[in-house]
Amino acid sequence: MAITLGLVEAVDDNGVYVSMPGSRGVLRGPYLTLQDVAVGDRVLTVTTDDGETVIVGLASAAAPRSTPATSTDNTVPRFDGTGGALQNSGVTIDDSNNVNITDSSDVALRVIASTGNPYLVRRAEDGSDLYDSWQSPTTTTRFQLRVTQTQWRLQRSESGTFDVLTAERTTGRVTIGAAGTTAGIELGSSGPTITTGTGAPSHSAPDGSLYLRTDGTASTTLYVRAAGSWSALS
């Protein structure tokens with residue numbers, strides 16, 4: 001029984017085409033299936049006693065794929081061209097299965113479907129919340145999106161975490177968090193505002209702004225800003 005070094009020239013549904021000194025043919029082997037070899041691999045073949053030539057393994061003297069000289073730990077490799085060569089990437093999966101994308105330029109994560117509707121699904125165990133965090137610099141959270149079992153909450157982080165906008169799943173009610181004389185709704189850039197609070201309004205606001213007094217009477221609940229001053233609408 002002779003062991004021969006061959007070169008994989010093609011792989012298709014009929015088998016693996018291997019060129020060897022003086023011969024070329026369709027080979028199949030118990031060690032490597034059609035999915036296990038690629039064009040350019042060097043393989044070892046033997047001829048059995050009944051005259052059948054089969055693949056028994058990859059040639060140890062040569063790498064089965066073209067690989068870079070160096071690599072980064074935990075990096076996800078990607079193909080370089082169509083010849084089967086591999087190259088490094090900026091995507092890593094660490095030992096805790098955290099996926100990180102690091103690049104010196106803008107990085108985009110795209111979900112593209114050639115047909116139908118693309119979906120990006122995130123799922124948490126019952127009782128757990130989902131978080132999307134916007135951080136700058138490094139790990140300092142500026143804003144975060146928190147989804148609980150019953151709420152969608154946009155939160156800001158400034159000496160604590162506060163709700164900016166909340167939507168209830170069961171009722172559809174939308175709440176503006178931390179609304180007051182310094183936080184509310186602004187209509188356009190530097191436009192009129194809608195704010196709330198206790199007591200008569202005294203803060204500055206553009207003309208046309210509205211103030212909703214939570215402890216007002218029938219004639220001192222709604223205020224409008226006109227000509228630079230607040231007036232209660234009875």
# chains A, B, ... in the order shown; residues from 1 in each chain; ligands from 1
>>> residues_around(residues="segment 225-227 of chain A", least_positions_apart="5", cutoff="6 Å", atoms="only C-alpha atoms", output="PyMOL selection string")
chain A and resi 207-209
>>> residues_around(residues="segment 40-46 of chain A", least_positions_apart="6", cutoff="6 Å", atoms="only C-alpha atoms", output="ChimeraX atom specification")
/A:2-8,53-59,64
>>> residues_around(residues="Gln155 of chain A", least_positions_apart="5", cutoff="12 Å", atoms="only C-alpha atoms", output="JSON, numbers by chain")
{"A": [131, 132, 133, 134, 141, 142, 143, 144, 145, 146, 147, 160, 161, 162, 163, 164, 165, 166, 167, 176, 177, 178]}
>>> write_last_selection(atoms="N, CA and C atoms", output="mmCIF file, in the first residue's frame")
data_model
loop_
_atom_site.group_PDB
_atom_site.id
_atom_site.type_symbol
_atom_site.label_atom_id
_atom_site.label_comp_id
_atom_site.auth_asym_id
_atom_site.auth_seq_id
_atom_site.Cartn_x
_atom_site.Cartn_y
_atom_site.Cartn_z
ATOM 1 N N TYR A 131 -30.950 46.078 27.535
ATOM 2 C CA TYR A 131 -30.294 47.382 27.594
ATOM 3 C C TYR A 131 -29.529 47.643 26.305
ATOM 4 N N ASP A 132 -29.638 48.872 25.802
ATOM 5 C CA ASP A 132 -28.735 49.401 24.779
ATOM 6 C C ASP A 132 -28.096 50.640 25.380
ATOM 7 N N SER A 133 -26.779 50.664 25.424
ATOM 8 C CA SER A 133 -26.074 51.754 26.103
ATOM 9 C C SER A 133 -25.256 52.556 25.117
ATOM 10 N N TRP A 134 -25.345 53.888 25.203
ATOM 11 C CA TRP A 134 -24.523 54.798 24.404
ATOM 12 C C TRP A 134 -23.478 55.412 25.322
ATOM 13 N N THR A 141 -21.546 55.868 30.481
ATOM 14 C CA THR A 141 -22.854 55.840 29.838
ATOM 15 C C THR A 141 -23.460 57.231 29.809
ATOM 16 N N ARG A 142 -23.888 57.686 28.634
ATOM 17 C CA ARG A 142 -24.558 58.969 28.469
ATOM 18 C C ARG A 142 -26.071 58.780 28.383
ATOM 19 N N PHE A 143 -26.489 57.882 27.510
ATOM 20 C CA PHE A 143 -27.900 57.523 27.386
ATOM 21 C C PHE A 143 -27.999 56.008 27.304
ATOM 22 N N GLN A 144 -29.160 55.490 27.677
ATOM 23 C CA GLN A 144 -29.397 54.072 27.497
ATOM 24 C C GLN A 144 -30.877 53.821 27.226
ATOM 25 N N LEU A 145 -31.130 52.785 26.440
ATOM 26 C CA LEU A 145 -32.488 52.335 26.176
ATOM 27 C C LEU A 145 -32.711 51.078 26.988
ATOM 28 N N ARG A 146 -33.723 51.114 27.847
ATOM 29 C CA ARG A 146 -34.015 49.980 28.730
ATOM 30 C C ARG A 146 -35.420 49.474 28.429
ATOM 31 N N VAL A 147 -35.529 48.193 28.155
ATOM 32 C CA VAL A 147 -36.820 47.583 27.865
ATOM 33 C C VAL A 147 -37.100 46.540 28.936
ATOM 34 N N GLY A 160 -26.560 59.974 38.178
ATOM 35 C CA GLY A 160 -27.693 59.084 38.392
ATOM 36 C C GLY A 160 -28.362 58.790 37.066
ATOM 37 N N THR A 161 -29.318 57.870 37.078
ATOM 38 C CA THR A 161 -30.031 57.500 35.863
ATOM 39 C C THR A 161 -31.478 57.951 35.973
ATOM 40 N N PHE A 162 -31.968 58.683 34.959
ATOM 41 C CA PHE A 162 -33.310 59.254 34.994
ATOM 42 C C PHE A 162 -34.031 58.940 33.685
ATOM 43 N N ASP A 163 -35.339 58.714 33.796
ATOM 44 C CA ASP A 163 -36.153 58.463 32.609
ATOM 45 C C ASP A 163 -36.360 59.760 31.831
ATOM 46 N N VAL A 164 -36.132 59.702 30.535
ATOM 47 C CA VAL A 164 -36.430 60.824 29.650
ATOM 48 C C VAL A 164 -37.780 60.609 28.980
ATOM 49 N N LEU A 165 -38.006 59.373 28.519
ATOM 50 C CA LEU A 165 -39.244 59.039 27.825
ATOM 51 C C LEU A 165 -39.612 57.603 28.165
ATOM 52 N N THR A 166 -40.884 57.387 28.512
ATOM 53 C CA THR A 166 -41.351 56.061 28.878
ATOM 54 C C THR A 166 -42.616 55.729 28.099
ATOM 55 N N ALA A 167 -42.695 54.524 27.566
ATOM 56 C CA ALA A 167 -43.892 54.052 26.871
ATOM 57 C C ALA A 167 -44.358 52.763 27.539
ATOM 58 N N ILE A 176 -43.277 61.711 29.650
ATOM 59 C CA ILE A 176 -42.006 62.436 29.614
ATOM 60 C C ILE A 176 -41.483 62.497 31.031
ATOM 61 N N GLY A 177 -40.347 61.862 31.268
ATOM 62 C CA GLY A 177 -39.807 61.811 32.608
ATOM 63 C C GLY A 177 -39.126 63.100 33.006
ATOM 64 N N ALA A 178 -39.137 63.392 34.316
ATOM 65 C CA ALA A 178 -38.457 64.561 34.890
ATOM 66 C C ALA A 178 -38.943 65.864 34.280
#
>>> closest_residue(among="A:Gly199, A:Thr181, A:Glu168, A:Thr75", to="Ile101 of chain A", atoms="only C-alpha atoms")
A:Thr75
>>> atom_distance(atom1="atom CA of Thr70 of chain A", atom2="atom CA of Asn88 of chain A")
8.5 Å
>>> select_by_dssp(residues="segment 142-183 of chain A", states="strand (DSSP E or B)", output="list in words")
Arg142, Phe143, Gln144, Leu145, Arg146, Val147, Gln151, Trp152, Arg153, Leu154, Gln155, Arg156, Ser157, Thr161, Phe162, Asp163, Val164, Leu165, Thr166, Ala167, Glu168, Val174, Thr175 and Ile176 of chain A
>>> residues_around(residues="Thr221 of chain A", least_positions_apart="6", cutoff="10 Å", atoms="only C-alpha atoms", output="ChimeraX atom specification")
/A:196,198-200,211-215,232-234
>>> write_last_selection(atoms="C-alpha atoms", output="PDB file, in the first residue's frame")
ATOM      1  CA  THR A 196     -45.066  71.730  34.356  1.00  0.00           C
ATOM      2  CA  THR A 198     -46.073  73.708  41.278  1.00  0.00           C
ATOM      3  CA  GLY A 199     -46.712  77.352  41.973  1.00  0.00           C
ATOM      4  CA  ALA A 200     -46.938  80.188  39.473  1.00  0.00           C
ATOM      5  CA  TYR A 211     -47.038  76.083  31.647  1.00  0.00           C
ATOM      6  CA  LEU A 212     -49.247  73.523  33.399  1.00  0.00           C
ATOM      7  CA  ARG A 213     -49.522  74.169  37.127  1.00  0.00           C
ATOM      8  CA  THR A 214     -50.205  70.956  39.022  1.00  0.00           C
ATOM      9  CA  ASP A 215     -51.471  72.709  42.184  1.00  0.00           C
ATOM     10  CA  ALA A 232     -52.927  82.665  33.702  1.00  0.00           C
ATOM     11  CA  LEU A 233     -55.799  81.682  31.428  1.00  0.00           C
ATOM     12  CA  SER A 234     -59.076  81.403  33.288  1.00  0.00           C
TER      13      SER A 234
END
>>> closest_residue(among="A:Asn100, A:Thr140, A:Ser128, A:Gln87", to="Asn74 of chain A", atoms="only C-alpha atoms")
A:Asn100
>>> residues_around(residues="Arg169 of chain A", least_positions_apart="2", cutoff="6 Å", atoms="only C-alpha atoms", output="list in words")
Thr150, Gln151, Thr171 and Gly172 of chain A
>>> write_last_selection(atoms="C-alpha atoms", output="PDB file, in the first residue's frame")
ATOM      1  CA  THR A 150     -43.950  46.283  30.554  1.00  0.00           C
ATOM      2  CA  GLN A 151     -42.034  49.429  29.568  1.00  0.00           C
ATOM      3  CA  THR A 171     -51.763  50.889  27.668  1.00  0.00           C
ATOM      4  CA  GLY A 172     -49.603  52.691  25.098  1.00  0.00           C
TER       5      GLY A 172
END
>>> residues_around(residues="Gly127 of chain A", least_positions_apart="3", cutoff="9 Å", atoms="only C-alpha atoms", output="list in words")
Ala124, Thr148 and Gln149 of chain A
>>> atom_distance(atom1="atom CA of Thr138 of chain A", atom2="atom CA of Ala179 of chain A")
29.5 Å
>>> atom_distance(atom1="atom CA of Tyr223 of chain A", atom2="atom CA of His203 of chain A")
12.0 Å
>>> closest_residue(among="A:Arg110, A:Leu120, A:Thr72, A:Thr82", to="Asp94 of chain A", atoms="only C-alpha atoms")
A:Thr72
>>> closest_residue(among="A:Asp73, A:Thr170, A:Leu109, A:Asn117", to="Asp95 of chain A", atoms="only C-alpha atoms")
A:Asp73
